[in-house]
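For reference, the structure is listed below as structure tokens.
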Amino acid sequence: MNHAHRSGRRLVVAVTAVLAVTAVGGTALVAAPTAVAAVAATQDTTVTLPAGEKLVSAGTTGFLTSKDDGTGGTALTWTRLSDGSRTDIPGTLAHPSRSDTVITREGNRFVLRDMSVSMFTSFVEPSASLGTNYRVAGAAGSTLYLAVPNTAGGEDLYRLTRVNGVQQQERISYLPYARDYRIVAHSGADVSLMFRKTAVSTTTYWRALTNLLGNFHAPEQATRPFDPATVTGAVSPAYLAWTETVDGVMRVAVQKRSAYEPFKYISLGAGTGGVVAGFSGDWVLYGVPGGLTAPSPDPLYALTAQNVLTGETMPLLDHFTSTSTAPDGSIYVQGGKSTDGEGLFKIGEGGYPQASLVAGTPGASTSPTVLRSAVPAVAELDRNGGLVPMEWQLSRYNVNVDVTLRHNVTGRTFTKRLSRPSAPVRLTWDGLTGGISAPNGDYTWQVTLTPTNGIGYPGYATGSFKVTRKANAHDLSDNGSPDLLARDASGTLWRDDTLDWPVAGQVTPAKPRVKVGTGWNTYNLIEAAGNNAGSAAGDLIGRDTTGVLWNYLGKGDGTFAARVRVGSGWGIYDKLAAGSDLTGDGRADLVATDASGVLWLYKGTGSATTPYATRTRVGSGWGVHNQLTAVGNLAGGPAGDLVARDTAGVLWLYLGKGDGTFAARTKIGTGWGAYSQLVGVDDANNDGRPDLVAYGAAGTHVYLGTGAWATPFTKTATSLYAGEGTKFTSVS
């Protein structure tokens, strides 16, 4: 489109031109006082674009934003770039003016506020001849463009402005069947507009230029359709650009103003809401707004500059939401960069266009952030089935959230990826780390937010919490769940940590099984001793073939410290049972039967080197039993109890009196001769009652405590030692 030879104002009516200028009533309207024009400005030392506000228009001295006013309406604010002062603008916006003038509407009257000159206010009002059925087609500076229905079934385009205090109303275009006028770009004195013509069943699309003096240049028919409601455009002294659709694909068409046809096309993809934002020298700026909240990546979400002569491209912003070109050609964009954050950017010219942040959005980040976390300070895993709810509120949710919970001492971790979670992010931790009950102690949580659309760096947040579990006499790894130790024929000792939240009603071992060490066949008795030295985890005792008893202090991670010699002479006993408090003093005790069937009590001292006091005689007649097990407090009595199996396979319960002695035995049941090992494991299913594990050639079963002394156990299946009933020579 060559405009070099075109001057003067033209109104095209088929092949004729008409010009009409009207001063309404021949009377100049006097500007209203500034106090009427706007609410007083509030001073701010920093130029900001507050969260929740959207760029509407920008001039050379400031910018206009809008936000929801909380009542279903829109609140307007003008911000000065020089000092950050903010002025609330009353009324309803007529149309963005891409200048320092804010145009609002009051009924049939329009208010023009020049925000560059102390909010100088004036008014324009369409003449009565235009009626009230007009439509605002756009604005440029202090000029308003109205599309007025005509008798031919189309619209006429009028410009309405005020010059030297006098209102001017001018019809600048009358084209039969033309309608849907839209001002798409404004830069300096140039105004780009688009419209369409519908005659009978044929619709054609048109482009034209006008300027602030009312000069209207002959329109050119577009070869491709566009949507007048959403089309965007750009104008500079050298170029024109607009968006159009070809076979469902949106593209930017770039045309030299000295030519009649576009010479360059840039695809914006199918079904997108892409825009052309403006020109910076020989660079055209374009992209698809709204990428920050998009679920997947697209390079078009970036505000991109392309040199229309060389084809070179460069991203200016990671994403953007709205743009405005000021009268001097400066381009203002609301968006964000990972390096600079969110806010309003000005695109400056040079060898290459540059995006500079001129008004930041406080507290906003292009990268996703955690705004609030709700992680309990103390996770009591004995409650709620070991489930711990956690919650995080994010700045955006088009992210993959990786949650890591790490035990500070052992480094054991729980990890979980939540792909594009809903708001807020919710995780219910099952109290496990690596498939094993989480150990007590201090934890660090971390969430990593990785944008699924590729916009922004990953975001991070950390915090701390504490895990607590009630003590378990058979717990070797300080996680509240019982551990079992099994020695195989080669003398290797293995540890299985059970899960004390049954799966499908069954007590199951965690995976994998842990090797404690070799050489344990030097002992002919191995017994889990409970916490006999005041540490946080259970300990282990072993008697060697020479009758010396050794104590292994648990470290709390399932391993043991170097053994400590307790004493010699323990070879006189054929059975040992340890790990329960039989005297009511809170310390684990030990009982032993000698060859004559006498039961002896070794009261716990709490000392690692001398864990037991001198023995005291409990009673005789215990020689009829070939299995003896301390099972804790089975029936709610004052202290721990014992179960013993006789040679006929009958199991008997001895209720503890709390002083190291026991009530007369009670028959529990028969058929227990199928098991080679009976192990009191304290609480295996986290119901507060002690339980019993029975191991042997007939299989392994967990007998869950009922709390009733007459029928203290109920038999359940388990995958513990499945198919391994003859593999181990000792289970404790």
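Lettering and numbering for the structure tokens are positional, with chains as A, B, ... in the shown order, residues counted from 1 in each chain, and ligands counted from 1 in the shown order.
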> Using only C-alpha atoms, which residues sit within 12 Å of Leu653 in chain A once same-chain residues fewer than 5 positions away are excluded, as a ChimeraX atom specification?
Replying inline: /A:625,627-635,640-646,662-669,708-713
Kindly assemble as a tab-separated table a list of the range 554-673 of chain A residues that lie within 10 Å of range 508-527 of chain A, each paired with its nearest atom pair and their distance in Å to one decimal, using only C-alpha atoms, sorted first by chain and then by ascending residue number.
residue	atom	partner	partner_atom	distance
A:Gly558	CA	A:Val516	CA	7.9
A:Thr559	CA	A:Val516	CA	6.6
A:Phe560	CA	A:Val516	CA	8.5
A:Gly571	CA	A:Asn524	CA	9.5
A:Tyr573	CA	A:Leu525	CA	9.9
A:Asp574	CA	A:Leu525	CA	8.7
A:Lys575	CA	A:Leu525	CA	8.0
A:Leu576	CA	A:Glu527	CA	7.3
A:Ala577	CA	A:Glu527	CA	7.1
A:Ala578	CA	A:Glu527	CA	6.7
A:Gly579	CA	A:Glu527	CA	8.3
A:Leu590	CA	A:Glu527	CA	9.9
A:Thr629	CA	A:Glu527	CA	9.9
Can you tell me, as a PDB file with all heavy atoms, in the first residue's frame, what residues are no more than 9 Å from Gly606 in chain A when counting only C-alpha atoms, ignoring any on the same chain fewer than 2 positions away?
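Generated output (selection.pdb):
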ATOM      1  N   ASN A 531      14.573 -52.661  75.045  1.00  0.00           N
ATOM      2  CA  ASN A 531      15.447 -51.535  75.345  1.00  0.00           C
ATOM      3  C   ASN A 531      16.003 -51.715  76.755  1.00  0.00           C
ATOM      4  O   ASN A 531      15.420 -51.267  77.730  1.00  0.00           O
ATOM      5  CB  ASN A 531      14.657 -50.232  75.220  1.00  0.00           C
ATOM      6  CG  ASN A 531      15.497 -49.001  75.490  1.00  0.00           C
ATOM      7  OD1 ASN A 531      16.671 -49.104  75.838  1.00  0.00           O
ATOM      8  ND2 ASN A 531      14.893 -47.848  75.336  1.00  0.00           N
ATOM      9  N   ASN A 532      17.174 -52.372  76.823  1.00  0.00           N
ATOM     10  CA  ASN A 532      17.711 -52.662  78.150  1.00  0.00           C
ATOM     11  C   ASN A 532      18.780 -51.686  78.598  1.00  0.00           C
ATOM     12  O   ASN A 532      19.395 -51.885  79.640  1.00  0.00           O
ATOM     13  CB  ASN A 532      18.239 -54.106  78.218  1.00  0.00           C
ATOM     14  CG  ASN A 532      19.405 -54.359  77.274  1.00  0.00           C
ATOM     15  OD1 ASN A 532      20.021 -53.427  76.779  1.00  0.00           O
ATOM     16  ND2 ASN A 532      19.696 -55.638  77.039  1.00  0.00           N
ATOM     17  N   ALA A 533      19.026 -50.630  77.786  1.00  0.00           N
ATOM     18  CA  ALA A 533      20.080 -49.697  78.186  1.00  0.00           C
ATOM     19  C   ALA A 533      19.677 -48.245  78.008  1.00  0.00           C
ATOM     20  O   ALA A 533      20.529 -47.369  77.954  1.00  0.00           O
ATOM     21  CB  ALA A 533      21.353 -49.988  77.395  1.00  0.00           C
ATOM     22  N   GLY A 534      18.384 -47.961  77.875  1.00  0.00           N
ATOM     23  CA  GLY A 534      17.921 -46.578  77.861  1.00  0.00           C
ATOM     24  C   GLY A 534      18.040 -45.860  76.543  1.00  0.00           C
ATOM     25  O   GLY A 534      17.804 -44.655  76.482  1.00  0.00           O
ATOM     26  N   ARG A 587      11.500 -50.951  82.795  1.00  0.00           N
ATOM     27  CA  ARG A 587      12.686 -51.495  82.144  1.00  0.00           C
ATOM     28  C   ARG A 587      12.451 -52.950  81.756  1.00  0.00           C
ATOM     29  O   ARG A 587      11.728 -53.692  82.440  1.00  0.00           O
ATOM     30  CB  ARG A 587      13.901 -51.381  83.061  1.00  0.00           C
ATOM     31  CG  ARG A 587      14.367 -49.945  83.268  1.00  0.00           C
ATOM     32  CD  ARG A 587      15.725 -49.915  83.942  1.00  0.00           C
ATOM     33  NE  ARG A 587      15.634 -50.307  85.340  1.00  0.00           N
ATOM     34  CZ  ARG A 587      15.501 -49.453  86.344  1.00  0.00           C
ATOM     35  NH1 ARG A 587      15.419 -48.145  86.095  1.00  0.00           N
ATOM     36  NH2 ARG A 587      15.443 -49.873  87.594  1.00  0.00           N
ATOM     37  N   ALA A 588      13.098 -53.314  80.631  1.00  0.00           N
ATOM     38  CA  ALA A 588      12.945 -54.682  80.138  1.00  0.00           C
ATOM     39  C   ALA A 588      13.692 -55.656  81.048  1.00  0.00           C
ATOM     40  O   ALA A 588      14.843 -55.418  81.435  1.00  0.00           O
ATOM     41  CB  ALA A 588      13.468 -54.782  78.709  1.00  0.00           C
ATOM     42  N   GLY A 604      15.877 -55.849  84.900  1.00  0.00           N
ATOM     43  CA  GLY A 604      16.647 -54.892  84.114  1.00  0.00           C
ATOM     44  C   GLY A 604      17.140 -53.737  84.952  1.00  0.00           C
ATOM     45  O   GLY A 604      16.433 -53.242  85.838  1.00  0.00           O
ATOM     46  N   ALA A 608      24.132 -50.403  80.150  1.00  0.00           N
ATOM     47  CA  ALA A 608      24.583 -51.125  78.962  1.00  0.00           C
ATOM     48  C   ALA A 608      25.611 -52.186  79.306  1.00  0.00           C
ATOM     49  O   ALA A 608      25.699 -53.223  78.642  1.00  0.00           O
ATOM     50  CB  ALA A 608      25.172 -50.140  77.954  1.00  0.00           C
ATOM     51  N   THR A 610      26.099 -53.612  82.559  1.00  0.00           N
ATOM     52  CA  THR A 610      25.515 -54.592  83.484  1.00  0.00           C
ATOM     53  C   THR A 610      24.004 -54.468  83.410  1.00  0.00           C
ATOM     54  O   THR A 610      23.362 -53.877  84.294  1.00  0.00           O
ATOM     55  CB  THR A 610      26.005 -54.349  84.931  1.00  0.00           C
ATOM     56  OG1 THR A 610      25.693 -52.998  85.300  1.00  0.00           O
ATOM     57  CG2 THR A 610      27.501 -54.590  85.046  1.00  0.00           C
ATOM     58  N   PRO A 611      23.427 -54.988  82.314  1.00  0.00           N
ATOM     59  CA  PRO A 611      22.003 -54.740  82.066  1.00  0.00           C
ATOM     60  C   PRO A 611      21.066 -55.430  83.034  1.00  0.00           C
ATOM     61  O   PRO A 611      19.882 -55.067  83.084  1.00  0.00           O
ATOM     62  CB  PRO A 611      21.817 -55.256  80.642  1.00  0.00           C
ATOM     63  CG  PRO A 611      22.886 -56.271  80.461  1.00  0.00           C
ATOM     64  CD  PRO A 611      24.060 -55.789  81.247  1.00  0.00           C
ATOM     65  N   TYR A 612      21.557 -56.429  83.819  1.00  0.00           N
ATOM     66  CA  TYR A 612      20.647 -57.185  84.678  1.00  0.00           C
ATOM     67  C   TYR A 612      21.173 -57.259  86.103  1.00  0.00           C
ATOM     68  O   TYR A 612      22.386 -57.378  86.344  1.00  0.00           O
ATOM     69  CB  TYR A 612      20.440 -58.592  84.134  1.00  0.00           C
ATOM     70  CG  TYR A 612      19.900 -58.601  82.706  1.00  0.00           C
ATOM     71  CD1 TYR A 612      20.700 -59.034  81.651  1.00  0.00           C
ATOM     72  CD2 TYR A 612      18.612 -58.162  82.444  1.00  0.00           C
ATOM     73  CE1 TYR A 612      20.215 -59.019  80.350  1.00  0.00           C
ATOM     74  CE2 TYR A 612      18.117 -58.146  81.150  1.00  0.00           C
ATOM     75  CZ  TYR A 612      18.931 -58.568  80.103  1.00  0.00           C
ATOM     76  OH  TYR A 612      18.449 -58.554  78.826  1.00  0.00           O
TER      77      TYR A 612
END
> Taking the backbone alone, and naming residues the way the document does, which bits of range 82-265 of chain A are strand (DSSP E or B) by DSSP, as a VMD selection string?
Replying inline: chain A and resid 86 to 89 92 to 93 101 to 106 109 to 114 120 to 124 135 to 140 143 to 149 155 to 163 166 to 174 178 to 187 190 to 199 202 to 211 216 220 to 222 233 to 235 239 to 246 249 to 256 264 to 265
>> Applying 8 Å and only C-alpha atoms, which residues near range 546-557 of chain A remain after dropping the ones on its own chain fewer than 2 positions away? List them as a PyMOL selection string.
In response: chain A and resi 410+476-478+533+535-544+559-572+608-609
Need the shell around Asp430 in chain A: protein/DNA/RNA residues with any atom at most 9 Å away, counting only C-alpha atoms. Skip same-chain ones fewer than 2 positions apart. Format as a PDB file with N, CA, C and O atoms, in the first residue's frame?
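Everything below was put into selection20.pdb:
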ATOM      1  N   LEU A 381       2.637 -40.967  63.820  1.00  0.00           N
ATOM      2  CA  LEU A 381       2.295 -42.035  62.892  1.00  0.00           C
ATOM      3  C   LEU A 381       1.470 -43.147  63.524  1.00  0.00           C
ATOM      4  O   LEU A 381       0.959 -44.012  62.804  1.00  0.00           O
ATOM      5  N   GLY A 385      -3.953 -44.527  61.234  1.00  0.00           N
ATOM      6  CA  GLY A 385      -3.386 -45.567  60.384  1.00  0.00           C
ATOM      7  C   GLY A 385      -2.062 -45.190  59.775  1.00  0.00           C
ATOM      8  O   GLY A 385      -1.678 -45.721  58.726  1.00  0.00           O
ATOM      9  N   GLY A 386      -1.335 -44.278  60.419  1.00  0.00           N
ATOM     10  CA  GLY A 386      -0.035 -43.861  59.897  1.00  0.00           C
ATOM     11  C   GLY A 386      -0.118 -42.873  58.765  1.00  0.00           C
ATOM     12  O   GLY A 386       0.904 -42.559  58.151  1.00  0.00           O
ATOM     13  N   LEU A 387      -1.300 -42.352  58.462  1.00  0.00           N
ATOM     14  CA  LEU A 387      -1.470 -41.432  57.344  1.00  0.00           C
ATOM     15  C   LEU A 387      -1.290 -39.991  57.815  1.00  0.00           C
ATOM     16  O   LEU A 387      -1.850 -39.585  58.827  1.00  0.00           O
ATOM     17  N   VAL A 388      -0.505 -39.231  57.041  1.00  0.00           N
ATOM     18  CA  VAL A 388      -0.208 -37.850  57.409  1.00  0.00           C
ATOM     19  C   VAL A 388      -0.613 -36.945  56.240  1.00  0.00           C
ATOM     20  O   VAL A 388      -0.004 -37.000  55.167  1.00  0.00           O
ATOM     21  N   PRO A 389      -1.637 -36.095  56.408  1.00  0.00           N
ATOM     22  CA  PRO A 389      -2.028 -35.177  55.324  1.00  0.00           C
ATOM     23  C   PRO A 389      -1.085 -33.980  55.256  1.00  0.00           C
ATOM     24  O   PRO A 389      -0.701 -33.412  56.278  1.00  0.00           O
ATOM     25  N   THR A 428      -1.208 -37.323  50.943  1.00  0.00           N
ATOM     26  CA  THR A 428      -1.365 -38.072  52.179  1.00  0.00           C
ATOM     27  C   THR A 428      -0.230 -39.076  52.253  1.00  0.00           C
ATOM     28  O   THR A 428      -0.203 -40.054  51.503  1.00  0.00           O
ATOM     29  N   LEU A 432       5.709 -44.219  55.286  1.00  0.00           N
ATOM     30  CA  LEU A 432       6.779 -45.129  54.879  1.00  0.00           C
ATOM     31  C   LEU A 432       7.888 -44.357  54.190  1.00  0.00           C
ATOM     32  O   LEU A 432       7.650 -43.339  53.528  1.00  0.00           O
ATOM     33  N   THR A 433       9.101 -44.846  54.345  1.00  0.00           N
ATOM     34  CA  THR A 433      10.245 -44.353  53.588  1.00  0.00           C
ATOM     35  C   THR A 433      10.926 -45.558  52.970  1.00  0.00           C
ATOM     36  O   THR A 433      11.391 -46.447  53.686  1.00  0.00           O
ATOM     37  N   SER A 437       8.517 -48.568  57.482  1.00  0.00           N
ATOM     38  CA  SER A 437       7.974 -47.580  58.410  1.00  0.00           C
ATOM     39  C   SER A 437       9.020 -46.515  58.704  1.00  0.00           C
ATOM     40  O   SER A 437      10.185 -46.817  58.972  1.00  0.00           O
TER      41      SER A 437
END
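Minimum atom-to-atom distance to Leu485 in chain A, evaluated using only C-alpha atoms, belongs to A:Ala528 out of A:Ala528, A:Val650, A:Leu292, A:Val693.
Remark: for Gly673 in chain A, the closest of the candidate residues A:Ala697, A:Tyr177, A:Ala364, A:Glu312 is A:Ala697 (distances computed over only C-alpha atoms).
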> So which residues touch Tyr460 in chain A within 7 Å, counting only C-alpha atoms, skipping near sequence neighbours fewer than 5 positions away, as a VMD selection string?
Replying inline: chain A and resid 369 447 to 449
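Considering the residues A:Thr48, A:Thr492, A:Thr413, A:Ser258 and counting only C-alpha atoms, Val358 in chain A has its shortest atom-to-atom contact with A:Thr48.
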Just the residues within 10 Å of range 451-458 of chain A, please, counting only C-alpha atoms, with nothing from its chain fewer than 6 positions along; format it as a short mmCIF file (atom, residue, chain, number, x, y, z; two decimals) with all heavy atoms, in the first residue's frame.
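Saved the output as out_11.cif:
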data_model
loop_
_atom_site.label_atom_id
_atom_site.label_comp_id
_atom_site.auth_asym_id
_atom_site.auth_seq_id
_atom_site.Cartn_x
_atom_site.Cartn_y
_atom_site.Cartn_z
N GLY A 291 0.37 -17.92 28.06
CA GLY A 291 1.15 -19.15 28.18
C GLY A 291 1.50 -19.54 29.59
O GLY A 291 1.77 -20.71 29.87
N LEU A 292 1.49 -18.57 30.53
CA LEU A 292 1.90 -18.90 31.90
C LEU A 292 1.00 -19.96 32.51
O LEU A 292 1.46 -20.78 33.31
CB LEU A 292 1.89 -17.64 32.77
CG LEU A 292 2.47 -17.80 34.18
CD1 LEU A 292 3.95 -18.13 34.12
CD2 LEU A 292 2.23 -16.55 35.00
N THR A 293 -0.26 -19.97 32.15
CA THR A 293 -1.19 -20.94 32.72
C THR A 293 -1.46 -22.12 31.79
O THR A 293 -2.30 -22.97 32.11
CB THR A 293 -2.52 -20.26 33.07
OG1 THR A 293 -3.06 -19.66 31.89
CG2 THR A 293 -2.32 -19.19 34.13
N ALA A 294 -0.79 -22.16 30.65
CA ALA A 294 -1.01 -23.26 29.70
C ALA A 294 -0.46 -24.56 30.26
O ALA A 294 0.53 -24.58 31.00
CB ALA A 294 -0.34 -22.95 28.37
N PRO A 295 -1.06 -25.70 29.91
CA PRO A 295 -0.61 -26.98 30.48
C PRO A 295 0.65 -27.55 29.84
O PRO A 295 1.36 -28.32 30.47
CB PRO A 295 -1.81 -27.91 30.22
CG PRO A 295 -2.48 -27.33 29.03
CD PRO A 295 -2.29 -25.85 29.11
N SER A 296 0.92 -27.19 28.58
CA SER A 296 2.04 -27.79 27.87
C SER A 296 2.85 -26.71 27.16
O SER A 296 2.37 -25.60 26.94
CB SER A 296 1.54 -28.84 26.88
OG SER A 296 0.61 -28.27 25.98
N PRO A 297 4.08 -27.02 26.77
CA PRO A 297 4.94 -25.99 26.17
C PRO A 297 4.55 -25.65 24.74
O PRO A 297 3.99 -26.47 24.02
CB PRO A 297 6.34 -26.63 26.25
CG PRO A 297 6.09 -28.10 26.30
CD PRO A 297 4.80 -28.29 27.01
N ASP A 298 4.85 -24.43 24.36
CA ASP A 298 4.69 -23.96 22.99
C ASP A 298 5.61 -22.75 22.84
O ASP A 298 5.48 -21.79 23.60
CB ASP A 298 3.24 -23.56 22.72
CG ASP A 298 2.98 -23.22 21.25
OD1 ASP A 298 3.93 -22.79 20.57
OD2 ASP A 298 1.84 -23.38 20.79
N PRO A 299 6.54 -22.78 21.89
CA PRO A 299 7.47 -21.64 21.76
C PRO A 299 6.76 -20.33 21.48
O PRO A 299 7.31 -19.26 21.73
CB PRO A 299 8.37 -22.06 20.59
CG PRO A 299 7.63 -23.15 19.87
CD PRO A 299 6.82 -23.84 20.91
N TYR A 301 4.34 -19.11 23.08
CA TYR A 301 3.95 -18.42 24.31
C TYR A 301 4.92 -17.30 24.67
O TYR A 301 4.57 -16.39 25.40
CB TYR A 301 3.85 -19.41 25.47
CG TYR A 301 2.71 -20.38 25.36
CD1 TYR A 301 2.84 -21.70 25.74
CD2 TYR A 301 1.48 -19.96 24.86
CE1 TYR A 301 1.78 -22.60 25.63
CE2 TYR A 301 0.42 -20.84 24.74
CZ TYR A 301 0.58 -22.17 25.13
OH TYR A 301 -0.46 -23.03 25.02
N ALA A 302 6.13 -17.39 24.17
CA ALA A 302 7.10 -16.33 24.40
C ALA A 302 6.76 -15.13 23.52
O ALA A 302 6.27 -15.29 22.40
CB ALA A 302 8.51 -16.82 24.09
N LEU A 317 10.35 -12.12 26.09
CA LEU A 317 9.76 -12.49 27.37
C LEU A 317 9.37 -13.96 27.32
O LEU A 317 9.04 -14.49 26.27
CB LEU A 317 8.51 -11.64 27.67
CG LEU A 317 8.69 -10.13 27.82
CD1 LEU A 317 7.34 -9.47 28.04
CD2 LEU A 317 9.64 -9.81 28.96
N ASP A 318 9.39 -14.61 28.48
CA ASP A 318 8.99 -16.01 28.54
C ASP A 318 7.51 -16.18 28.26
O ASP A 318 7.08 -17.20 27.72
CB ASP A 318 9.31 -16.59 29.93
CG ASP A 318 10.81 -16.63 30.20
OD1 ASP A 318 11.58 -16.54 29.24
OD2 ASP A 318 11.19 -16.76 31.38
N HIS A 319 6.71 -15.20 28.64
CA HIS A 319 5.27 -15.23 28.39
C HIS A 319 4.75 -13.82 28.50
O HIS A 319 5.43 -12.91 28.99
CB HIS A 319 4.55 -16.12 29.41
CG HIS A 319 4.34 -15.44 30.72
ND1 HIS A 319 3.16 -14.82 31.06
CD2 HIS A 319 5.19 -15.23 31.76
CE1 HIS A 319 3.29 -14.26 32.26
NE2 HIS A 319 4.49 -14.50 32.71
N GLY A 336 6.35 -11.79 31.77
CA GLY A 336 7.38 -12.18 32.72
C GLY A 336 8.57 -12.84 32.07
O GLY A 336 8.48 -13.40 30.97
N LYS A 337 9.70 -12.76 32.78
CA LYS A 337 10.93 -13.45 32.41
C LYS A 337 11.45 -14.14 33.66
O LYS A 337 11.36 -13.60 34.77
CB LYS A 337 11.99 -12.47 31.91
CG LYS A 337 11.67 -11.80 30.60
CD LYS A 337 12.64 -10.66 30.30
CE LYS A 337 14.05 -11.13 30.13
NZ LYS A 337 14.96 -10.02 29.74
N SER A 338 12.00 -15.31 33.46
CA SER A 338 12.53 -16.05 34.61
C SER A 338 13.58 -15.25 35.35
O SER A 338 13.70 -15.32 36.58
CB SER A 338 13.13 -17.38 34.14
OG SER A 338 12.14 -18.19 33.54
N THR A 339 14.36 -14.45 34.61
CA THR A 339 15.45 -13.70 35.24
C THR A 339 14.97 -12.42 35.93
O THR A 339 15.61 -11.94 36.86
CB THR A 339 16.50 -13.33 34.18
OG1 THR A 339 15.84 -12.66 33.08
CG2 THR A 339 17.19 -14.58 33.65
N GLY A 341 11.34 -11.66 36.62
CA GLY A 341 10.07 -11.74 37.33
C GLY A 341 8.93 -11.22 36.48
O GLY A 341 9.03 -11.06 35.26
N SER A 365 6.28 -14.16 40.66
CA SER A 365 7.46 -14.76 40.04
C SER A 365 7.02 -15.49 38.78
O SER A 365 5.96 -16.11 38.75
CB SER A 365 8.14 -15.73 41.01
OG SER A 365 9.14 -16.48 40.35
N THR A 366 7.85 -15.41 37.75
CA THR A 366 7.57 -16.19 36.55
C THR A 366 7.70 -17.67 36.84
O THR A 366 6.97 -18.50 36.29
CB THR A 366 8.51 -15.78 35.42
OG1 THR A 366 8.37 -14.37 35.18
CG2 THR A 366 8.21 -16.53 34.13
N SER A 367 8.64 -18.01 37.70
CA SER A 367 8.78 -19.40 38.12
C SER A 367 7.70 -19.72 39.15
O SER A 367 7.30 -18.86 39.93
CB SER A 367 10.17 -19.62 38.73
OG SER A 367 11.18 -19.35 37.78
N PRO A 368 7.21 -20.95 39.18
CA PRO A 368 6.19 -21.32 40.16
C PRO A 368 6.74 -21.25 41.58
O PRO A 368 7.91 -21.56 41.83
CB PRO A 368 5.82 -22.75 39.77
CG PRO A 368 7.02 -23.27 39.03
CD PRO A 368 7.61 -22.09 38.33
N THR A 369 5.91 -20.86 42.51
CA THR A 369 6.32 -20.74 43.91
C THR A 369 5.28 -21.37 44.82
O THR A 369 4.11 -21.51 44.46
CB THR A 369 6.51 -19.26 44.31
OG1 THR A 369 5.28 -18.56 44.09
CG2 THR A 369 7.61 -18.61 43.49
N ARG A 396 0.84 -21.32 40.77
CA ARG A 396 0.16 -21.90 39.61
C ARG A 396 0.29 -23.41 39.68
O ARG A 396 1.19 -23.94 40.36
CB ARG A 396 0.69 -21.35 38.29
CG ARG A 396 2.20 -21.49 38.05
CD ARG A 396 2.56 -20.77 36.78
NE ARG A 396 3.97 -20.66 36.51
CZ ARG A 396 4.62 -21.35 35.59
NH1 ARG A 396 3.98 -22.23 34.85
NH2 ARG A 396 5.91 -21.17 35.38
N TYR A 397 -0.58 -24.11 38.93
CA TYR A 397 -0.68 -25.55 39.10
C TYR A 397 -0.39 -26.33 37.82
O TYR A 397 -0.57 -27.54 37.79
CB TYR A 397 -2.07 -25.92 39.63
CG TYR A 397 -2.24 -25.44 41.05
CD1 TYR A 397 -2.67 -24.15 41.32
CD2 TYR A 397 -1.91 -26.26 42.13
CE1 TYR A 397 -2.80 -23.69 42.62
CE2 TYR A 397 -2.04 -25.82 43.42
CZ TYR A 397 -2.48 -24.53 43.67
OH TYR A 397 -2.59 -24.09 44.96
N ASN A 398 0.07 -25.65 36.78
CA ASN A 398 0.52 -26.37 35.59
C ASN A 398 1.98 -26.79 35.78
O ASN A 398 2.87 -26.38 35.04
CB ASN A 398 0.32 -25.53 34.33
CG ASN A 398 0.97 -24.16 34.44
OD1 ASN A 398 1.33 -23.69 35.53
ND2 ASN A 398 1.12 -23.49 33.31
N VAL A 399 2.17 -27.59 36.80
CA VAL A 399 3.51 -28.03 37.21
C VAL A 399 3.46 -29.50 37.59
O VAL A 399 2.40 -30.05 37.89
CB VAL A 399 4.03 -27.21 38.42
CG1 VAL A 399 4.25 -25.76 38.05
CG2 VAL A 399 3.08 -27.33 39.60
N ASN A 400 4.61 -30.13 37.55
CA ASN A 400 4.79 -31.42 38.20
C ASN A 400 5.42 -31.16 39.56
O ASN A 400 6.43 -30.45 39.65
CB ASN A 400 5.68 -32.34 37.37
CG ASN A 400 5.00 -32.81 36.10
OD1 ASN A 400 3.79 -32.97 36.07
ND2 ASN A 400 5.76 -33.02 35.04
N VAL A 401 4.81 -31.69 40.59
CA VAL A 401 5.28 -31.45 41.96
C VAL A 401 5.97 -32.71 42.46
O VAL A 401 5.35 -33.77 42.55
CB VAL A 401 4.11 -31.08 42.88
CG1 VAL A 401 4.61 -30.83 44.30
CG2 VAL A 401 3.37 -29.87 42.35
N SER A 419 1.58 -35.10 39.21
CA SER A 419 1.57 -34.47 37.90
C SER A 419 0.36 -33.54 37.76
O SER A 419 -0.78 -33.97 37.91
CB SER A 419 1.53 -35.52 36.80
OG SER A 419 2.69 -36.33 36.85
N ARG A 420 0.65 -32.26 37.53
CA ARG A 420 -0.38 -31.24 37.34
C ARG A 420 -1.51 -31.40 38.35
O ARG A 420 -2.66 -31.67 38.00
CB ARG A 420 -0.90 -31.28 35.91
CG ARG A 420 0.13 -30.81 34.89
CD ARG A 420 -0.40 -30.96 33.48
NE ARG A 420 -1.67 -30.27 33.34
CZ ARG A 420 -2.49 -30.43 32.29
NH1 ARG A 420 -2.15 -31.25 31.32
NH2 ARG A 420 -3.62 -29.78 32.22
#
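Pairwise distance (CA of Thr700 in chain A, CA of Gly530 in chain A) equals 22.2 Å.
Distance-wise, CA of Val111 in chain A and CA of Ala359 in chain A end up 26.8 Å apart.
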> DSSP says helix (DSSP H, G or I) for which residues of range 170-355 of chain A? Put them as a ChimeraX atom specification?
Replying inline: /A:291-293,299-301
